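A short write-up of the structure that comes next.
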Amino acid sequence: MTLERISALSPADWYDAFTKHLYWSQNNNRISGNPAWDAEGLNVIGIRCNPLEDFFMPTRTGKEEWNDALVLIEGTRIEVFACTTDPAVVRVNPIGIAHLNEGCWDSYVRGNHRSAWRKALVQRKGPVRVTRTDSRGNVKMHEWGYFGINVHNAMSWRKPSAGCTVIKPDRIMGLKDKAYIRFRDMLMNAPSRNSRTYALMNRTQLRGYGYDV
């Protein structure tokens, strides 16, 4: 998957993909709240390129592992970000490392991640479903709940998060990074409701919906 192919999709394409993914999510119990496409506001879609149980395994720089995509759609405007949806093996939770499942999660609102200055999409409205694994990717359990699985910027190249969707920095780490500024401005300035549906799908699903990325 390349960001160029992702960027080539139109708002109508993303609406179509979202509609098909919502149908899949409803039929596979991968849904929370009342997820819907916001025709007047911001829509958030994540594309995972690896299997669900995969990890963010950094190389010397860590940059090669930012192989997923985050797409923000508002009207005719689209912003695409390199990101990771895979947890790094940072702090191994005794009950397992959380991997957010593919689905449509009406569980998010605009807010802050660990600091009033780090604007993010935060899981405060509703539960999500995660798969918990050990550090080798062996599945231990599936669980619903409030886990703080947010969408935010990175503060580390090598260990970005223990389970969140994390945007790859454009050049520099922190609040002055251009990718973070694009994300922050579109997120915080979006009209309509404060709550957001986060639709997470795998690249194989997106291809099955008719989009070769």
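We name chains A, B, ... following the order of the structure tokens; residues begin at 1 in each chain, and ligands are numbered from 1 as shown.
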> Which residues in segment 18-125 of chain A does DSSP call strand (DSSP E or B)? List them as a ChimeraX atom specification.
Replying inline: /A:31-32,42-48,56,68-74,77-84,88,97-100,103-112,119-123
Next, write the just-selected residues to a file, as a CSV table (one decimal), in the first residue's frame, keeping N, CA and C atoms as the atom set.
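Result went into selection.csv, see below:
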```csv
chain,number,residue,atom,x,y,z
A,31,ILE,N,-18.8,-3.3,16.4
A,31,ILE,CA,-19.5,-2.0,16.3
A,31,ILE,C,-19.8,-1.5,17.7
A,32,SER,N,-19.7,-0.2,17.9
A,32,SER,CA,-20.1,0.4,19.2
A,32,SER,C,-20.9,1.7,18.9
A,42,LEU,N,-16.5,15.7,10.0
A,42,LEU,CA,-15.2,14.9,9.8
A,42,LEU,C,-15.4,13.4,9.9
A,43,ASN,N,-14.8,12.7,9.0
A,43,ASN,CA,-14.9,11.2,9.0
A,43,ASN,C,-13.4,10.7,9.1
A,44,VAL,N,-13.2,9.7,9.9
A,44,VAL,CA,-11.9,9.2,10.3
A,44,VAL,C,-11.8,7.7,9.9
A,45,ILE,N,-10.9,7.4,9.1
A,45,ILE,CA,-10.7,6.0,8.7
A,45,ILE,C,-9.3,5.6,8.8
A,46,GLY,N,-9.0,4.4,9.4
A,46,GLY,CA,-7.7,3.9,9.5
A,46,GLY,C,-7.6,2.6,8.7
A,47,ILE,N,-6.4,2.5,8.0
A,47,ILE,CA,-6.1,1.3,7.2
A,47,ILE,C,-4.9,0.6,7.7
A,48,ARG,N,-5.2,-0.7,8.2
A,48,ARG,CA,-4.1,-1.5,8.7
A,48,ARG,C,-3.6,-2.4,7.6
A,56,PHE,N,4.4,-3.3,16.2
A,56,PHE,CA,5.3,-2.2,15.7
A,56,PHE,C,6.7,-2.7,16.1
A,68,ASP,N,1.0,1.9,7.9
A,68,ASP,CA,-0.5,2.0,7.9
A,68,ASP,C,-0.9,3.4,7.4
A,69,ALA,N,-2.2,3.6,7.3
A,69,ALA,CA,-2.6,5.0,6.9
A,69,ALA,C,-3.8,5.4,7.7
A,70,LEU,N,-3.9,6.7,7.9
A,70,LEU,CA,-5.0,7.4,8.6
A,70,LEU,C,-5.5,8.4,7.6
A,71,VAL,N,-6.9,8.4,7.4
A,71,VAL,CA,-7.5,9.2,6.4
A,71,VAL,C,-8.6,10.1,7.1
A,72,LEU,N,-8.5,11.4,6.9
A,72,LEU,CA,-9.5,12.3,7.4
A,72,LEU,C,-10.2,12.9,6.2
A,73,ILE,N,-11.6,12.8,6.2
A,73,ILE,CA,-12.4,13.3,5.1
A,73,ILE,C,-13.4,14.3,5.6
A,74,GLU,N,-13.4,15.4,5.1
A,74,GLU,CA,-14.4,16.4,5.4
A,74,GLU,C,-14.9,17.1,4.1
A,77,ARG,N,-12.5,17.7,1.1
A,77,ARG,CA,-11.1,17.7,1.5
A,77,ARG,C,-10.7,16.4,2.1
A,78,ILE,N,-9.5,15.9,1.7
A,78,ILE,CA,-9.0,14.7,2.3
A,78,ILE,C,-7.5,14.9,2.7
A,79,GLU,N,-7.2,14.5,3.9
A,79,GLU,CA,-5.8,14.5,4.4
A,79,GLU,C,-5.4,13.0,4.7
A,80,VAL,N,-4.3,12.6,4.2
A,80,VAL,CA,-3.8,11.3,4.4
A,80,VAL,C,-2.5,11.3,5.2
A,81,PHE,N,-2.4,10.4,6.2
A,81,PHE,CA,-1.2,10.4,7.1
A,81,PHE,C,-0.6,9.0,7.1
A,82,ALA,N,0.7,8.9,7.1
A,82,ALA,CA,1.3,7.6,7.4
A,82,ALA,C,1.1,7.4,8.9
A,83,CYS,N,0.9,6.2,9.4
A,83,CYS,CA,0.7,6.0,10.8
A,83,CYS,C,1.0,4.5,11.1
A,84,THR,N,0.9,4.2,12.4
A,84,THR,CA,0.9,2.8,12.8
A,84,THR,C,-0.4,2.5,13.6
A,88,ALA,N,3.5,-1.2,20.0
A,88,ALA,CA,4.8,-1.6,20.3
A,88,ALA,C,4.9,-2.4,21.5
A,97,ILE,N,-1.2,-7.6,25.5
A,97,ILE,CA,-1.1,-6.3,24.7
A,97,ILE,C,-2.3,-6.1,23.9
A,98,ALA,N,-2.8,-4.9,23.9
A,98,ALA,CA,-4.1,-4.6,23.2
A,98,ALA,C,-3.9,-4.2,21.7
A,99,HIS,N,-4.7,-4.9,20.9
A,99,HIS,CA,-4.7,-4.7,19.4
A,99,HIS,C,-6.2,-4.3,19.1
A,100,LEU,N,-6.4,-3.0,18.7
A,100,LEU,CA,-7.7,-2.6,18.3
A,100,LEU,C,-8.2,-3.4,17.2
A,103,GLY,N,-13.3,-2.5,12.8
A,103,GLY,CA,-14.7,-2.3,13.0
A,103,GLY,C,-15.0,-0.8,12.9
A,104,CYS,N,-16.2,-0.5,13.3
A,104,CYS,CA,-16.7,0.9,13.2
A,104,CYS,C,-17.1,1.3,14.7
A,105,TRP,N,-16.2,2.2,15.2
A,105,TRP,CA,-16.3,2.5,16.6
A,105,TRP,C,-16.8,3.9,16.9
A,106,ASP,N,-18.0,4.1,17.2
A,106,ASP,CA,-18.6,5.3,17.6
A,106,ASP,C,-18.3,5.6,19.1
A,107,SER,N,-17.0,5.7,19.4
A,107,SER,CA,-16.5,5.7,20.7
A,107,SER,C,-15.6,6.9,21.0
A,108,TYR,N,-15.5,7.8,20.1
A,108,TYR,CA,-14.5,8.8,20.1
A,108,TYR,C,-15.0,10.3,20.2
A,109,VAL,N,-14.3,11.1,20.8
A,109,VAL,CA,-14.5,12.5,20.9
A,109,VAL,C,-13.2,13.3,20.7
A,110,ARG,N,-13.3,14.5,20.3
A,110,ARG,CA,-12.1,15.4,20.3
A,110,ARG,C,-11.6,15.7,21.7
A,111,GLY,N,-10.3,15.6,21.9
A,111,GLY,CA,-9.8,15.8,23.3
A,111,GLY,C,-8.3,15.9,23.3
A,112,ASN,N,-7.7,15.5,24.4
A,112,ASN,CA,-6.2,15.6,24.6
A,112,ASN,C,-5.7,14.3,24.9
A,119,LYS,N,-3.6,17.6,21.0
A,119,LYS,CA,-4.9,17.3,20.5
A,119,LYS,C,-5.0,16.0,19.9
A,120,ALA,N,-6.1,15.3,20.2
A,120,ALA,CA,-6.2,13.9,19.7
A,120,ALA,C,-7.7,13.5,19.6
A,121,LEU,N,-7.9,12.3,19.0
A,121,LEU,CA,-9.2,11.7,19.0
A,121,LEU,C,-9.2,10.7,20.1
A,122,VAL,N,-10.0,10.8,21.1
A,122,VAL,CA,-9.8,10.0,22.4
A,122,VAL,C,-11.0,9.2,22.6
A,123,GLN,N,-10.8,8.0,23.1
A,123,GLN,CA,-11.8,7.0,23.3
A,123,GLN,C,-12.5,7.3,24.7
```
>> I'd like the contact shell of Tyr180 of chain A - 9 Å cut-off, only C-alpha atoms, skipping same-chain residues fewer than 4 positions apart - returned as a VMD selection string.
In response: chain A and resid 119 152 to 154 167 to 170 174 to 176 184 to 185
Mind writing the picked residues with N, CA, C and O atoms as a PDB file, in the first residue's frame?
```
ATOM      1  N   LYS A 119      -3.563  17.564  20.968  1.00  0.00           N
ATOM      2  CA  LYS A 119      -4.937  17.332  20.538  1.00  0.00           C
ATOM      3  C   LYS A 119      -5.026  15.956  19.875  1.00  0.00           C
ATOM      4  O   LYS A 119      -4.138  15.553  19.120  1.00  0.00           O
ATOM      5  N   HIS A 152      -3.496   9.751  17.891  1.00  0.00           N
ATOM      6  CA  HIS A 152      -2.694  10.902  18.315  1.00  0.00           C
ATOM      7  C   HIS A 152      -1.352  10.944  17.586  1.00  0.00           C
ATOM      8  O   HIS A 152      -1.021  10.046  16.811  1.00  0.00           O
ATOM      9  N   ASN A 153      -0.583  11.977  17.868  1.00  0.00           N
ATOM     10  CA  ASN A 153       0.739  12.130  17.265  1.00  0.00           C
ATOM     11  C   ASN A 153       1.763  11.322  18.045  1.00  0.00           C
ATOM     12  O   ASN A 153       1.521  10.841  19.144  1.00  0.00           O
ATOM     13  N   ALA A 154       2.943  11.189  17.457  1.00  0.00           N
ATOM     14  CA  ALA A 154       4.009  10.397  18.064  1.00  0.00           C
ATOM     15  C   ALA A 154       4.963  11.260  18.867  1.00  0.00           C
ATOM     16  O   ALA A 154       5.193  12.424  18.552  1.00  0.00           O
ATOM     17  N   ILE A 167       0.239   8.780  14.488  1.00  0.00           N
ATOM     18  CA  ILE A 167       0.627   9.410  13.228  1.00  0.00           C
ATOM     19  C   ILE A 167       2.141   9.548  13.151  1.00  0.00           C
ATOM     20  O   ILE A 167       2.797   9.988  14.098  1.00  0.00           O
ATOM     21  N   LYS A 168       2.686   9.181  12.016  1.00  0.00           N
ATOM     22  CA  LYS A 168       4.124   9.317  11.794  1.00  0.00           C
ATOM     23  C   LYS A 168       4.500  10.790  11.685  1.00  0.00           C
ATOM     24  O   LYS A 168       3.859  11.538  10.947  1.00  0.00           O
ATOM     25  N   PRO A 169       5.535  11.228  12.393  1.00  0.00           N
ATOM     26  CA  PRO A 169       5.981  12.621  12.248  1.00  0.00           C
ATOM     27  C   PRO A 169       6.475  12.898  10.834  1.00  0.00           C
ATOM     28  O   PRO A 169       7.047  12.019  10.181  1.00  0.00           O
ATOM     29  N   ASP A 170       6.231  14.096  10.364  1.00  0.00           N
ATOM     30  CA  ASP A 170       6.712  14.487   9.045  1.00  0.00           C
ATOM     31  C   ASP A 170       8.224  14.683   9.062  1.00  0.00           C
ATOM     32  O   ASP A 170       8.936  14.182   8.206  1.00  0.00           O
ATOM     33  N   GLY A 174       6.956  15.977  18.009  1.00  0.00           N
ATOM     34  CA  GLY A 174       6.393  16.986  18.886  1.00  0.00           C
ATOM     35  C   GLY A 174       5.324  17.840  18.243  1.00  0.00           C
ATOM     36  O   GLY A 174       4.823  17.568  17.148  1.00  0.00           O
ATOM     37  N   LEU A 175       4.994  18.933  18.912  1.00  0.00           N
ATOM     38  CA  LEU A 175       3.844  19.739  18.543  1.00  0.00           C
ATOM     39  C   LEU A 175       4.091  20.652  17.347  1.00  0.00           C
ATOM     40  O   LEU A 175       3.144  21.221  16.815  1.00  0.00           O
ATOM     41  N   LYS A 176       5.337  20.819  16.920  1.00  0.00           N
ATOM     42  CA  LYS A 176       5.638  21.657  15.768  1.00  0.00           C
ATOM     43  C   LYS A 176       5.752  20.849  14.482  1.00  0.00           C
ATOM     44  O   LYS A 176       6.015  21.415  13.415  1.00  0.00           O
ATOM     45  N   ARG A 184      -4.137  18.114  13.708  1.00  0.00           N
ATOM     46  CA  ARG A 184      -4.760  18.921  14.763  1.00  0.00           C
ATOM     47  C   ARG A 184      -5.744  19.923  14.198  1.00  0.00           C
ATOM     48  O   ARG A 184      -6.883  20.046  14.685  1.00  0.00           O
ATOM     49  N   ASP A 185      -5.335  20.644  13.157  1.00  0.00           N
ATOM     50  CA  ASP A 185      -6.187  21.694  12.613  1.00  0.00           C
ATOM     51  C   ASP A 185      -7.464  21.124  12.006  1.00  0.00           C
ATOM     52  O   ASP A 185      -8.556  21.667  12.199  1.00  0.00           O
TER      53      ASP A 185
END
```
> Between atom CA of Ala162 of chain A and atom CA of Pro87 of chain A, what is the distance, to one decimal in Å?
Replying inline: 4.6 Å
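Straight-line separation from atom CA of Asn194 of chain A to atom CA of Leu3 of chain A: 27.4 Å.
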>> Among segment 4-204 of chain A, which ones does DSSP assign to alpha helix (DSSP H) (computed from the backbone)? Answer as number ranges by chain.
In response: A: 4-8, 11-27, 178-189, 203-204
>> Would you pick out the contacts of Thr131 of chain A at 9 Å or less, using only C-alpha atoms, so that residues sharing its chain but fewer than 3 positions from it are not included, and give the list as an NGL selection string?
In response: :A and (52-53 or 96-101 or 139-144)
Write out, as a tab-separated table (two decimals), in the first residue's frame, the residues just selected, with all heavy atoms.
```
chain	number	residue	atom	x	y	z
A	52	LEU	N	-3.86	-8.56	12.35
A	52	LEU	CA	-4.30	-7.95	13.60
A	52	LEU	C	-3.28	-8.14	14.71
A	52	LEU	O	-3.02	-7.23	15.50
A	52	LEU	CB	-5.64	-8.56	14.02
A	52	LEU	CG	-6.16	-8.20	15.42
A	52	LEU	CD1	-6.47	-6.71	15.50
A	52	LEU	CD2	-7.38	-9.02	15.76
A	53	GLU	N	-2.67	-9.33	14.80
A	53	GLU	CA	-1.81	-9.65	15.93
A	53	GLU	C	-0.38	-9.16	15.75
A	53	GLU	O	0.51	-9.49	16.54
A	53	GLU	CB	-1.79	-11.17	16.18
A	53	GLU	CG	-3.15	-11.76	16.50
A	53	GLU	CD	-3.96	-12.08	15.26
A	53	GLU	OE1	-3.42	-11.92	14.14
A	53	GLU	OE2	-5.14	-12.45	15.40
A	96	GLY	N	-2.24	-9.01	28.70
A	96	GLY	CA	-1.99	-9.03	27.26
A	96	GLY	C	-1.91	-7.65	26.64
A	96	GLY	O	-2.42	-6.67	27.18
A	97	ILE	N	-1.25	-7.57	25.49
A	97	ILE	CA	-1.08	-6.32	24.75
A	97	ILE	C	-2.32	-6.10	23.88
A	97	ILE	O	-2.80	-7.02	23.21
A	97	ILE	CB	0.18	-6.38	23.87
A	97	ILE	CG1	1.41	-6.62	24.76
A	97	ILE	CG2	0.35	-5.11	23.06
A	97	ILE	CD1	2.66	-6.98	23.99
A	98	ALA	N	-2.84	-4.88	23.88
A	98	ALA	CA	-4.11	-4.58	23.20
A	98	ALA	C	-3.90	-4.25	21.73
A	98	ALA	O	-3.10	-3.38	21.39
A	98	ALA	CB	-4.81	-3.43	23.90
A	99	HIS	N	-4.65	-4.94	20.87
A	99	HIS	CA	-4.71	-4.65	19.44
A	99	HIS	C	-6.15	-4.26	19.12
A	99	HIS	O	-7.07	-5.10	19.26
A	99	HIS	CB	-4.32	-5.88	18.61
A	99	HIS	CG	-2.99	-6.46	18.93
A	99	HIS	ND1	-1.90	-6.35	18.09
A	99	HIS	CD2	-2.57	-7.18	20.02
A	99	HIS	CE1	-0.87	-6.99	18.64
A	99	HIS	NE2	-1.25	-7.49	19.80
A	100	LEU	N	-6.38	-3.03	18.70
A	100	LEU	CA	-7.73	-2.60	18.35
A	100	LEU	C	-8.23	-3.41	17.16
A	100	LEU	O	-7.56	-3.52	16.14
A	100	LEU	CB	-7.74	-1.11	18.01
A	100	LEU	CG	-9.10	-0.52	17.60
A	100	LEU	CD1	-10.11	-0.63	18.73
A	100	LEU	CD2	-8.93	0.94	17.18
A	101	ASN	N	-9.42	-3.96	17.28
A	101	ASN	CA	-10.00	-4.75	16.20
A	101	ASN	C	-10.51	-3.87	15.07
A	101	ASN	O	-10.91	-2.72	15.30
A	101	ASN	CB	-11.17	-5.59	16.72
A	101	ASN	CG	-10.73	-6.77	17.57
A	101	ASN	OD1	-11.56	-7.59	17.97
A	101	ASN	ND2	-9.45	-6.89	17.88
A	139	VAL	N	-2.60	-15.11	20.79
A	139	VAL	CA	-3.83	-14.53	21.32
A	139	VAL	C	-4.13	-15.10	22.71
A	139	VAL	O	-4.13	-16.32	22.91
A	139	VAL	CB	-5.01	-14.79	20.37
A	139	VAL	CG1	-6.32	-14.29	20.99
A	139	VAL	CG2	-4.77	-14.10	19.04
A	140	LYS	N	-4.40	-14.20	23.64
A	140	LYS	CA	-4.76	-14.60	25.01
A	140	LYS	C	-6.25	-14.43	25.28
A	140	LYS	O	-6.86	-15.23	25.96
A	140	LYS	CB	-3.95	-13.77	26.02
A	140	LYS	CG	-2.44	-13.92	25.88
A	140	LYS	CD	-1.70	-13.11	26.93
A	140	LYS	CE	-1.87	-13.68	28.33
A	140	LYS	NZ	-1.04	-12.99	29.33
A	141	MET	N	-6.84	-13.36	24.73
A	141	MET	CA	-8.25	-13.10	25.00
A	141	MET	C	-8.75	-11.98	24.11
A	141	MET	O	-7.96	-11.25	23.50
A	141	MET	CB	-8.46	-12.71	26.47
A	141	MET	CG	-7.77	-11.40	26.85
A	141	MET	SD	-7.89	-10.99	28.61
A	141	MET	CE	-9.64	-10.72	28.77
A	142	HIS	N	-10.07	-11.85	24.02
A	142	HIS	CA	-10.73	-10.71	23.39
A	142	HIS	C	-11.50	-9.97	24.48
A	142	HIS	O	-12.07	-10.60	25.38
A	142	HIS	CB	-11.68	-11.17	22.29
A	142	HIS	CG	-11.03	-12.03	21.25
A	142	HIS	ND1	-10.15	-11.54	20.32
A	142	HIS	CD2	-11.13	-13.37	21.02
A	142	HIS	CE1	-9.74	-12.52	19.54
A	142	HIS	NE2	-10.31	-13.64	19.94
A	143	GLU	N	-11.55	-8.66	24.38
A	143	GLU	CA	-12.11	-7.89	25.48
A	143	GLU	C	-12.75	-6.60	24.97
A	143	GLU	O	-12.22	-5.94	24.08
A	143	GLU	CB	-10.99	-7.55	26.47
A	143	GLU	CG	-11.43	-6.86	27.73
A	143	GLU	CD	-10.27	-6.58	28.67
A	143	GLU	OE1	-9.09	-6.63	28.23
A	143	GLU	OE2	-10.54	-6.29	29.86
A	144	TRP	N	-13.89	-6.26	25.55
A	144	TRP	CA	-14.55	-4.98	25.30
A	144	TRP	C	-14.31	-4.06	26.48
A	144	TRP	O	-14.30	-4.50	27.63
A	144	TRP	CB	-16.05	-5.18	25.13
A	144	TRP	CG	-16.49	-5.79	23.84
A	144	TRP	CD1	-16.53	-7.12	23.53
A	144	TRP	CD2	-16.96	-5.10	22.69
A	144	TRP	NE1	-17.00	-7.30	22.27
A	144	TRP	CE2	-17.27	-6.07	21.72
A	144	TRP	CE3	-17.15	-3.76	22.38
A	144	TRP	CZ2	-17.77	-5.74	20.46
A	144	TRP	CZ3	-17.65	-3.43	21.13
A	144	TRP	CH2	-17.95	-4.42	20.18
```
> For Leu9 of chain A, which residue among A:Asn50, A:Ser25, A:Asn202, A:Thr76 is the nearest when counting only C-alpha atoms?
Replying inline: A:Thr76
